[in-house]
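Listing of protein_28.cif, mmCIF, C-alpha atoms and all ligand atoms
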```cif
data_target
#
loop_
_atom_site.group_PDB
_atom_site.id
_atom_site.type_symbol
_atom_site.label_atom_id
_atom_site.label_comp_id
_atom_site.auth_asym_id
_atom_site.auth_seq_id
_atom_site.Cartn_x
_atom_site.Cartn_y
_atom_site.Cartn_z
ATOM 1 C CA MET V 1 -26.811 -31.103 -2.285
ATOM 2 C CA THR V 2 -29.983 -29.143 -1.480
ATOM 3 C CA ALA V 3 -29.680 -25.408 -1.016
ATOM 4 C CA LYS V 4 -30.783 -24.156 2.422
ATOM 5 C CA THR V 5 -34.023 -22.196 2.525
ATOM 6 C CA ASP V 6 -34.198 -18.808 4.250
ATOM 7 C CA GLU V 7 -36.321 -20.425 6.943
ATOM 8 C CA THR V 8 -33.755 -23.168 7.611
ATOM 9 C CA SER V 9 -30.893 -20.745 7.805
ATOM 10 C CA GLY V 10 -32.987 -18.538 10.096
ATOM 11 C CA LEU V 11 -33.484 -21.469 12.480
ATOM 12 C CA GLU V 12 -29.769 -22.179 12.436
ATOM 13 C CA ASP V 13 -29.059 -18.538 13.229
ATOM 14 C CA ALA V 14 -31.508 -18.624 16.146
ATOM 15 C CA SER V 15 -30.002 -21.811 17.492
ATOM 16 C CA GLU V 16 -26.492 -20.429 17.188
ATOM 17 C CA ILE V 17 -27.512 -17.291 19.105
ATOM 18 C CA TYR V 18 -29.211 -19.456 21.761
ATOM 19 C CA PHE V 19 -26.116 -21.538 22.391
ATOM 20 C CA GLU V 20 -23.869 -18.496 22.425
ATOM 21 C CA THR V 21 -26.202 -16.884 24.963
ATOM 22 C CA VAL V 22 -26.052 -19.927 27.231
ATOM 23 C CA LYS V 23 -22.266 -20.005 26.993
ATOM 24 C CA THR V 24 -22.157 -16.322 27.768
ATOM 25 C CA LEU V 25 -24.371 -16.620 30.815
ATOM 26 C CA LYS V 26 -22.056 -19.269 32.202
ATOM 27 C CA ARG V 27 -19.093 -17.046 31.473
ATOM 28 C CA LYS V 28 -20.779 -14.107 33.207
ATOM 29 C CA LEU V 29 -21.360 -16.110 36.368
ATOM 30 C CA LYS V 30 -17.681 -16.965 36.471
ATOM 31 C CA ALA V 31 -16.699 -13.364 35.677
ATOM 32 C CA CYS V 32 -18.860 -11.954 38.500
ATOM 33 C CA LYS V 33 -17.099 -14.147 41.033
ATOM 34 C CA ALA V 34 -13.772 -12.751 39.868
ATOM 35 C CA CYS V 35 -14.628 -9.044 39.813
ATOM 36 C CA ALA V 36 -16.101 -8.138 43.163
ATOM 37 C CA ALA V 37 -13.389 -5.648 44.153
ATOM 38 C CA THR V 38 -13.142 -3.681 40.915
ATOM 39 C CA ASP V 39 -14.252 -0.190 39.795
ATOM 40 C CA ASP V 40 -17.556 -0.230 37.929
ATOM 41 C CA ILE V 41 -17.305 -0.005 34.179
ATOM 42 C CA THR V 42 -19.683 2.506 32.590
ATOM 43 C CA TYR V 43 -18.515 2.872 28.995
ATOM 44 C CA LEU V 44 -17.638 0.389 26.306
ATOM 45 C CA TRP V 45 -15.969 2.110 23.326
ATOM 46 C CA ILE V 46 -15.351 -0.030 20.251
ATOM 47 C CA CYS V 47 -13.785 1.069 16.964
ATOM 48 C CA VAL V 48 -15.047 -0.800 13.934
ATOM 49 C CA SER V 49 -14.247 -0.823 10.255
ATOM 50 C CA ALA V 50 -16.232 -2.570 7.551
ATOM 51 C CA GLY V 51 -13.324 -4.793 6.547
ATOM 52 C CA GLY V 52 -12.170 -5.559 10.063
ATOM 53 C CA LEU V 53 -15.465 -6.830 11.277
ATOM 54 C CA LYS V 54 -16.511 -8.491 8.051
ATOM 55 C CA ARG V 55 -13.433 -10.639 7.680
ATOM 56 C CA GLY V 56 -13.926 -12.248 11.041
ATOM 57 C CA PHE V 57 -17.703 -12.351 10.812
ATOM 58 C CA CYS V 58 -17.918 -13.990 7.408
ATOM 59 C CA GLY V 59 -15.048 -16.395 7.880
ATOM 60 C CA GLU V 60 -13.102 -15.027 4.912
ATOM 61 C CA ASN V 61 -9.405 -14.374 5.457
ATOM 62 C CA ALA V 62 -9.925 -15.580 8.998
ATOM 63 C CA ASN V 63 -6.224 -15.355 9.678
ATOM 64 C CA ASP V 64 -6.313 -11.626 9.053
ATOM 65 C CA SER V 65 -9.134 -10.930 11.449
ATOM 66 C CA PRO V 66 -10.109 -13.802 13.739
ATOM 67 C CA VAL V 67 -12.669 -11.897 15.816
ATOM 68 C CA PRO V 68 -16.090 -13.292 14.841
ATOM 69 C CA MET V 69 -19.454 -11.694 15.587
ATOM 70 C CA HIS V 70 -20.235 -13.911 18.591
ATOM 71 C CA GLN V 71 -16.992 -12.747 20.178
ATOM 72 C CA TRP V 72 -18.011 -9.110 19.774
ATOM 73 C CA LEU V 73 -21.386 -9.921 21.348
ATOM 74 C CA ASN V 74 -19.595 -11.659 24.204
ATOM 75 C CA VAL V 75 -17.569 -8.496 24.783
ATOM 76 C CA ILE V 76 -20.818 -6.550 25.109
ATOM 77 C CA ASP V 77 -22.248 -9.194 27.446
ATOM 78 C CA GLU V 78 -19.199 -9.106 29.679
ATOM 79 C CA ALA V 79 -18.996 -5.309 29.694
ATOM 80 C CA ALA V 80 -22.705 -5.126 30.584
ATOM 81 C CA SER V 81 -22.176 -7.617 33.399
ATOM 82 C CA LEU V 82 -19.492 -5.252 34.751
ATOM 83 C CA GLY V 83 -21.897 -2.302 34.678
ATOM 84 C CA ALA V 84 -21.461 -0.772 31.209
ATOM 85 C CA ASN V 85 -24.597 1.061 30.138
ATOM 86 C CA TRP V 86 -23.093 2.954 27.197
ATOM 87 C CA LEU V 87 -21.759 1.469 23.982
ATOM 88 C CA ILE V 88 -19.943 3.867 21.657
ATOM 89 C CA LEU V 89 -19.139 2.552 18.188
ATOM 90 C CA THR V 90 -16.594 4.634 16.276
ATOM 91 C CA LEU V 91 -16.930 3.828 12.581
ATOM 92 C CA ASN V 92 -13.776 4.117 10.505
ATOM 93 C CA ASP V 93 -15.777 3.463 7.319
ATOM 94 C CA PRO V 94 -19.064 4.873 5.973
ATOM 95 C CA LEU V 95 -22.166 3.773 7.861
ATOM 96 C CA GLU V 96 -23.607 1.980 4.805
ATOM 97 C CA GLU V 97 -20.538 -0.304 4.682
ATOM 98 C CA CYS V 98 -20.510 -1.253 8.367
ATOM 99 C CA GLU V 99 -23.444 -3.619 8.226
ATOM 100 C CA ASP V 100 -22.344 -5.666 11.245
ATOM 101 C CA ILE V 101 -22.917 -2.779 13.617
ATOM 102 C CA TRP V 102 -26.670 -3.247 13.504
ATOM 103 C CA ALA V 103 -26.540 -6.660 15.148
ATOM 104 C CA ILE V 104 -24.107 -5.330 17.748
ATOM 105 C CA SER V 105 -26.192 -2.211 18.459
ATOM 106 C CA LYS V 106 -29.505 -4.070 18.684
ATOM 107 C CA TRP V 107 -27.937 -6.645 20.995
ATOM 108 C CA ALA V 108 -26.701 -3.855 23.287
ATOM 109 C CA GLN V 109 -30.055 -2.044 23.288
ATOM 110 C CA GLN V 110 -32.445 -4.981 23.403
ATOM 111 C CA ILE V 111 -30.553 -7.469 25.579
ATOM 112 C CA HIS V 112 -28.737 -5.053 27.892
ATOM 113 C CA ASN V 113 -30.780 -1.820 27.708
ATOM 114 C CA MET V 114 -27.605 0.072 26.814
ATOM 115 C CA THR V 115 -27.566 3.459 25.095
ATOM 116 C CA VAL V 116 -25.691 3.302 21.802
ATOM 117 C CA GLY V 117 -23.608 6.166 20.411
ATOM 118 C CA LEU V 118 -22.774 5.905 16.719
ATOM 119 C CA HIS V 119 -19.679 7.979 16.004
ATOM 120 C CA LEU V 120 -19.517 8.513 12.236
ATOM 121 C CA LYS V 121 -15.948 9.557 11.491
ATOM 122 C CA ASN V 122 -16.628 10.146 7.808
ATOM 123 C CA SER V 123 -19.773 12.251 8.084
ATOM 124 C CA ALA V 124 -20.232 15.934 8.871
ATOM 125 C CA THR V 125 -24.012 15.722 8.721
ATOM 126 C CA LEU V 126 -26.543 12.909 8.435
ATOM 127 C CA THR V 127 -27.615 11.928 4.923
ATOM 128 C CA LYS V 128 -31.058 10.537 4.162
ATOM 129 C CA PRO V 129 -29.732 6.964 3.674
ATOM 130 C CA GLU V 130 -27.924 7.224 7.016
ATOM 131 C CA VAL V 131 -31.088 8.457 8.747
ATOM 132 C CA LYS V 132 -33.029 5.541 7.277
ATOM 133 C CA LEU V 133 -30.469 3.036 8.547
ATOM 134 C CA ILE V 134 -30.238 4.581 12.015
ATOM 135 C CA ARG V 135 -34.016 4.557 12.435
ATOM 136 C CA GLN V 136 -33.941 0.753 12.738
ATOM 137 C CA LEU V 137 -32.516 1.307 16.258
ATOM 138 C CA GLU V 138 -34.437 2.451 19.343
ATOM 139 C CA LEU V 139 -34.011 6.207 18.952
ATOM 140 C CA SER V 140 -34.593 6.943 22.639
ATOM 141 C CA LYS V 141 -31.432 4.907 23.301
ATOM 142 C CA THR V 142 -29.410 6.184 20.332
ATOM 143 C CA LYS V 143 -27.083 9.180 19.913
ATOM 144 C CA VAL V 144 -25.163 10.075 16.774
ATOM 145 C CA LEU V 145 -21.740 11.667 17.222
ATOM 146 C CA LEU V 146 -20.369 13.915 14.467
ATOM 147 C CA ARG V 147 -17.265 16.122 14.423
ATOM 148 C CA CYS V 148 -18.256 19.801 14.789
ATOM 149 C CA GLU V 149 -16.597 23.069 13.845
ATOM 150 C CA PRO V 150 -14.908 24.731 16.878
ATOM 151 C CA ASP V 151 -17.315 27.715 16.832
ATOM 152 C CA LYS V 152 -20.294 25.376 17.262
ATOM 153 C CA LEU V 153 -18.996 23.443 20.280
ATOM 154 C CA PRO V 154 -20.022 21.768 22.499
ATOM 155 C CA GLY V 155 -22.766 21.096 19.901
ATOM 156 C CA ILE V 156 -26.090 19.367 20.305
ATOM 157 C CA SER V 157 -28.861 19.142 17.717
ATOM 158 C CA GLU V 158 -31.600 16.930 16.366
ATOM 159 C CA GLN V 159 -31.961 15.635 12.816
ATOM 160 C CA GLU V 160 -35.183 13.845 11.861
ATOM 161 C CA GLY V 161 -35.824 12.773 15.418
ATOM 162 C CA ILE V 162 -32.251 11.599 15.959
ATOM 163 C CA THR V 163 -30.193 13.279 18.688
ATOM 164 C CA VAL V 164 -26.804 14.429 17.403
ATOM 165 C CA TRP V 165 -23.933 15.368 19.701
ATOM 166 C CA ALA V 166 -20.537 16.776 18.812
ATOM 167 C CA ALA V 167 -17.982 13.959 18.828
ATOM 168 C CA ASN V 168 -15.376 16.606 19.754
ATOM 169 C CA PRO V 169 -17.025 18.754 22.434
ATOM 170 C CA GLN V 170 -13.656 20.222 23.463
ATOM 171 C CA PRO V 171 -11.295 21.954 20.967
ATOM 172 C CA ASP V 172 -8.133 20.182 19.829
ATOM 173 C CA GLY V 173 -4.944 21.012 21.719
ATOM 174 C CA GLU V 174 -6.559 21.581 25.121
ATOM 175 C CA ARG V 175 -6.082 19.440 28.224
ATOM 176 C CA PRO V 176 -8.948 16.962 28.004
ATOM 177 C CA LYS V 177 -11.686 17.193 30.580
ATOM 178 C CA CYS V 178 -12.164 13.463 30.359
ATOM 179 C CA ARG V 179 -13.699 11.773 33.361
ATOM 180 C CA GLY V 180 -13.826 8.159 34.321
ATOM 181 C CA LEU V 181 -10.941 6.791 32.261
ATOM 182 C CA LYS V 182 -10.835 3.740 34.525
ATOM 183 C CA ARG V 183 -14.540 3.201 33.997
ATOM 184 C CA MET V 184 -14.012 2.765 30.253
ATOM 185 C CA ILE V 185 -13.119 -0.219 28.108
ATOM 186 C CA PHE V 186 -11.628 0.718 24.730
ATOM 187 C CA VAL V 187 -11.383 -1.940 22.010
ATOM 188 C CA ASN V 188 -9.977 -1.309 18.544
ATOM 189 C CA ASP V 189 -11.237 -3.007 15.374
ATOM 190 C CA LYS V 190 -8.857 -5.941 15.806
ATOM 191 C CA GLY V 191 -10.087 -6.696 19.310
ATOM 192 C CA VAL V 192 -7.078 -5.136 21.074
ATOM 193 C CA LEU V 193 -7.742 -3.272 24.331
ATOM 194 C CA TYR V 194 -5.923 -0.007 24.979
ATOM 195 C CA THR V 195 -6.201 2.565 27.754
ATOM 196 C CA CYS V 196 -8.234 4.820 25.447
ATOM 197 C CA GLY V 197 -8.542 5.962 21.842
ATOM 198 C CA LEU V 198 -5.745 8.511 22.121
ATOM 199 C CA VAL V 199 -3.185 5.705 22.489
ATOM 200 C CA ASP V 200 -4.712 3.177 20.069
ATOM 201 C CA GLY V 201 -1.764 1.356 18.487
ATOM 202 C CA ASP V 202 0.778 2.361 21.157
ATOM 203 C CA ASP V 203 2.085 -0.880 22.665
ATOM 204 C CA SER V 204 2.988 0.773 25.960
ATOM 205 C CA TYR V 205 -0.743 1.295 26.540
ATOM 206 C CA ARG V 206 -1.872 -2.121 25.306
ATOM 207 C CA ILE V 207 -3.997 -3.854 27.930
ATOM 208 C CA GLY V 208 -4.715 -7.115 26.151
ATOM 209 C CA HIS V 209 -7.032 -8.721 23.624
ATOM 210 C CA VAL V 210 -10.711 -9.576 23.877
ATOM 211 C CA GLU V 211 -9.798 -13.235 23.419
ATOM 212 C CA ASP V 212 -7.306 -13.250 26.302
ATOM 213 C CA GLY V 213 -9.993 -14.273 28.792
ATOM 214 C CA HIS V 214 -12.537 -12.461 30.928
ATOM 215 C CA LEU V 215 -12.490 -8.723 30.403
ATOM 216 C CA MET V 216 -12.258 -7.944 34.091
ATOM 217 C CA GLN V 217 -9.280 -10.203 34.610
ATOM 218 C CA THR V 218 -7.566 -8.566 31.623
ATOM 219 C CA LEU V 219 -8.347 -5.078 32.955
ATOM 220 C CA ASN V 220 -7.177 -5.998 36.446
ATOM 221 C CA ALA V 221 -3.856 -7.515 35.422
ATOM 222 C CA PRO V 222 -1.168 -5.904 37.636
ATOM 223 C CA ASN V 223 0.701 -4.364 34.696
ATOM 224 C CA ALA V 224 -2.374 -3.250 32.731
ATOM 225 C CA PRO V 225 -1.944 0.472 31.895
ATOM 226 C CA ARG V 226 -5.128 2.324 32.914
ATOM 227 C CA LEU V 227 -3.952 5.952 32.893
ATOM 228 C CA ILE V 228 -2.369 8.290 30.314
ATOM 229 C CA ASP V 229 0.970 10.101 30.717
ATOM 230 C CA ALA V 230 0.260 13.804 31.340
ATOM 231 C CA ASN V 231 2.811 14.774 28.663
ATOM 232 C CA ILE V 232 0.733 13.324 25.835
ATOM 233 C CA ARG V 233 -2.673 14.038 27.322
ATOM 234 C CA LEU V 234 -3.973 16.654 24.893
ATOM 235 C CA ILE V 235 -7.156 16.656 22.839
ATOM 236 C CA THR V 236 -6.626 15.343 19.291
ATOM 237 C CA PRO V 237 -9.080 13.911 16.734
ATOM 238 C CA GLU V 238 -8.283 10.490 18.266
ATOM 239 C CA CYS V 239 -10.293 11.637 21.303
ATOM 240 C CA ASP V 240 -13.398 12.140 19.115
ATOM 241 C CA GLY V 241 -16.287 10.042 20.365
ATOM 242 C CA CYS V 242 -14.596 9.241 23.676
ATOM 243 C CA PRO V 243 -17.374 8.610 26.208
ATOM 244 C CA ALA V 244 -15.173 9.720 29.128
ATOM 245 C CA LEU V 245 -14.863 13.087 27.360
ATOM 246 C CA LEU V 246 -18.522 13.352 26.317
ATOM 247 C CA ALA V 247 -19.507 12.740 29.945
ATOM 248 C CA GLY V 248 -18.070 16.134 30.879
ATOM 249 C CA PHE V 249 -20.221 17.984 28.348
ATOM 250 C CA PHE V 250 -23.543 16.188 27.889
ATOM 251 C CA GLN V 251 -26.123 15.114 30.404
ATOM 252 C CA GLY V 252 -27.042 11.484 30.720
ATOM 253 C CA ILE V 253 -23.690 9.948 29.929
HETATM 254 S S1 LIG R 1 -9.316 9.512 24.361
HETATM 255 FE FE1 LIG R 1 -8.721 11.607 24.969
HETATM 256 S S2 LIG R 1 -10.501 12.379 26.058
HETATM 257 FE FE2 LIG R 1 -10.687 10.134 26.020
HETATM 258 S S3 LIG R 1 -9.777 9.358 27.902
HETATM 259 FE FE3 LIG R 1 -8.188 9.389 26.309
HETATM 260 S S4 LIG R 1 -7.156 11.359 26.565
HETATM 261 FE FE4 LIG R 1 -9.129 11.517 27.635
#
```
Representation of the structure as structure tokens:
Amino acid sequence: MTAKTDETSGLEDASEIYFETVKTLKRKLKACKACAATDDITYLWICVSAGGLKRGFCGENANDSPVPMHQWLNVIDEAASLGANWLILTLNDPLEECEDIWAISKWAQQIHNMTVGLHLKNSATLTKPEVKLIRQLELSKTKVLLRCEPDKLPGISEQEGITVWAANPQPDGERPKCRGLKRMIFVNDKGVLYTCGLVDGDDSYRIGHVEDGHLMQTLNAPNAPRLIDANIRLITPECDGCPALLAGFFQGI
């Protein structure tokens, strides 16, 4: 058997993307017909881990993580068709290990003109290798979100031309000033939709899965939980990077 050249595999990649795009466009047309009466979505917030995305993307251990890259891109397509203009990616693993996020981020910026927020859970400041990686994105449409010390909140700075915002603009323990919860789609690294990051993993706030069907139909299901009980609604580190929270502190989101 002859090994594939880089050029051949590049053509196959392009063709695969083309067919996925066509399928997506068809799906979007159907989705638009079904969503006329719904609140606009502004934020798409996805949590990713290196292992979670890679397993599905590379086809290894597919039973553990059956969400492949084209499905993630479809989620972005559908969210954009519903009005999302912000994509926040919360990284549970170091930036260098989450190589799949570049394809996702470029797709959001280049195909949908979305602003991308990279929330680096494991970094307190940007390292030189991280800066180099981030610079492959369109910096005018990129924000980096890092957890800040309470005395520096709400926290905004610039590092090597990259805008950095505090991922936690409000101190822990306070009532969150989050706005637009119903305008947000939250997806964890296994493709499960929850009301927001605070309740990730809590079945009573599970909305569905990205493979359940069109996002809008999933969000509009009569029993889909879209609000948070006031008793648990307090700022915790799980709120870090939440776009509905950032919107109350930073302009442009
Ligand atoms: S994650 Fe926290 S800040 Fe964001 S919507 Fe939920 S409760 Fe509000």
Identify, counting all atoms listed in the file, the protein, DNA and RNA residues located within 9 Å of ligand LIG 1 (chain R), and give them as a VMD selection string.
-> chain V and resid 170 175 to 182 184 195 to 200 227 to 228 232 to 246
Expected file contents, prior selection, C-alpha atoms, as a PDB file, in the coordinates of the input:
```
ATOM      1  CA  GLN V 170     -13.656  20.222  23.463  1.00  0.00           C
ATOM      2  CA  ARG V 175      -6.082  19.440  28.224  1.00  0.00           C
ATOM      3  CA  PRO V 176      -8.948  16.962  28.004  1.00  0.00           C
ATOM      4  CA  LYS V 177     -11.686  17.193  30.580  1.00  0.00           C
ATOM      5  CA  CYS V 178     -12.164  13.463  30.359  1.00  0.00           C
ATOM      6  CA  ARG V 179     -13.699  11.773  33.361  1.00  0.00           C
ATOM      7  CA  GLY V 180     -13.826   8.159  34.321  1.00  0.00           C
ATOM      8  CA  LEU V 181     -10.941   6.791  32.261  1.00  0.00           C
ATOM      9  CA  LYS V 182     -10.835   3.740  34.525  1.00  0.00           C
ATOM     10  CA  MET V 184     -14.012   2.765  30.253  1.00  0.00           C
ATOM     11  CA  THR V 195      -6.201   2.565  27.754  1.00  0.00           C
ATOM     12  CA  CYS V 196      -8.234   4.820  25.447  1.00  0.00           C
ATOM     13  CA  GLY V 197      -8.542   5.962  21.842  1.00  0.00           C
ATOM     14  CA  LEU V 198      -5.745   8.511  22.121  1.00  0.00           C
ATOM     15  CA  VAL V 199      -3.185   5.705  22.489  1.00  0.00           C
ATOM     16  CA  ASP V 200      -4.712   3.177  20.069  1.00  0.00           C
ATOM     17  CA  LEU V 227      -3.952   5.952  32.893  1.00  0.00           C
ATOM     18  CA  ILE V 228      -2.369   8.290  30.314  1.00  0.00           C
ATOM     19  CA  ILE V 232       0.733  13.324  25.835  1.00  0.00           C
ATOM     20  CA  ARG V 233      -2.673  14.038  27.322  1.00  0.00           C
ATOM     21  CA  LEU V 234      -3.973  16.654  24.893  1.00  0.00           C
ATOM     22  CA  ILE V 235      -7.156  16.656  22.839  1.00  0.00           C
ATOM     23  CA  THR V 236      -6.626  15.343  19.291  1.00  0.00           C
ATOM     24  CA  PRO V 237      -9.080  13.911  16.734  1.00  0.00           C
ATOM     25  CA  GLU V 238      -8.283  10.490  18.266  1.00  0.00           C
ATOM     26  CA  CYS V 239     -10.293  11.637  21.303  1.00  0.00           C
ATOM     27  CA  ASP V 240     -13.398  12.140  19.115  1.00  0.00           C
ATOM     28  CA  GLY V 241     -16.287  10.042  20.365  1.00  0.00           C
ATOM     29  CA  CYS V 242     -14.596   9.241  23.676  1.00  0.00           C
ATOM     30  CA  PRO V 243     -17.374   8.610  26.208  1.00  0.00           C
ATOM     31  CA  ALA V 244     -15.173   9.720  29.128  1.00  0.00           C
ATOM     32  CA  LEU V 245     -14.863  13.087  27.360  1.00  0.00           C
ATOM     33  CA  LEU V 246     -18.522  13.352  26.317  1.00  0.00           C
TER      34      LEU V 246
END
```
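Between CA of Ala50 in chain V and CA of Lys106 in chain V lies a distance of 17.4 Å.
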From the list V:Leu193, V:Leu133, V:Ile41, V:Val164, which residue is nearest Ala224 in chain V when using all atoms listed in the file?
-> V:Leu193
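Coordinates place CA of Leu145 in chain V at a distance of 11.2 Å from CA of Glu158 in chain V.
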Written as an NGL selection string, which residues does the PyMOL selection byres (((chain V and resi 185) around 12) and not hetatm) give for the file shown?
-> :V and (39-47 or 75-76 or 78-80 or 82-89 or 180-184 or 186-188 or 191-197 or 206-210 or 215-216 or 218-220 or 225-226 or 242-244)
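Shortest separation to Glu149 in chain V among V:Gly173, V:Ala124, V:Glu211, V:His119 occurs at residue V:Ala124, atoms counted being all atoms listed in the file.
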Convert the output of the PyMOL selection byres (((chain V and resi 95-99) around 12) and not hetatm) on the shown file into explicit residues, formatted as a PyMOL selection string.
-> chain V and resi 47-55+57-58+69+89-94+100-105+118-123+126-134+144+189
Atom pair CA of Pro68 in chain V + CA of Asp202 in chain V, distance 23.9 Å
Might you pull out every residue within 7 Å of range 152-157 of chain V, with only C-alpha atoms counted and same-chain residues fewer than 6 positions away left off, and present them as a PyMOL selection string?
-> chain V and resi 163-166+169-170+249
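Taking all atoms listed in the file into account, Leu137 in chain V lies nearest to V:Trp107 out of the set V:Trp107, V:Pro150, V:Phe250, V:Ala230.
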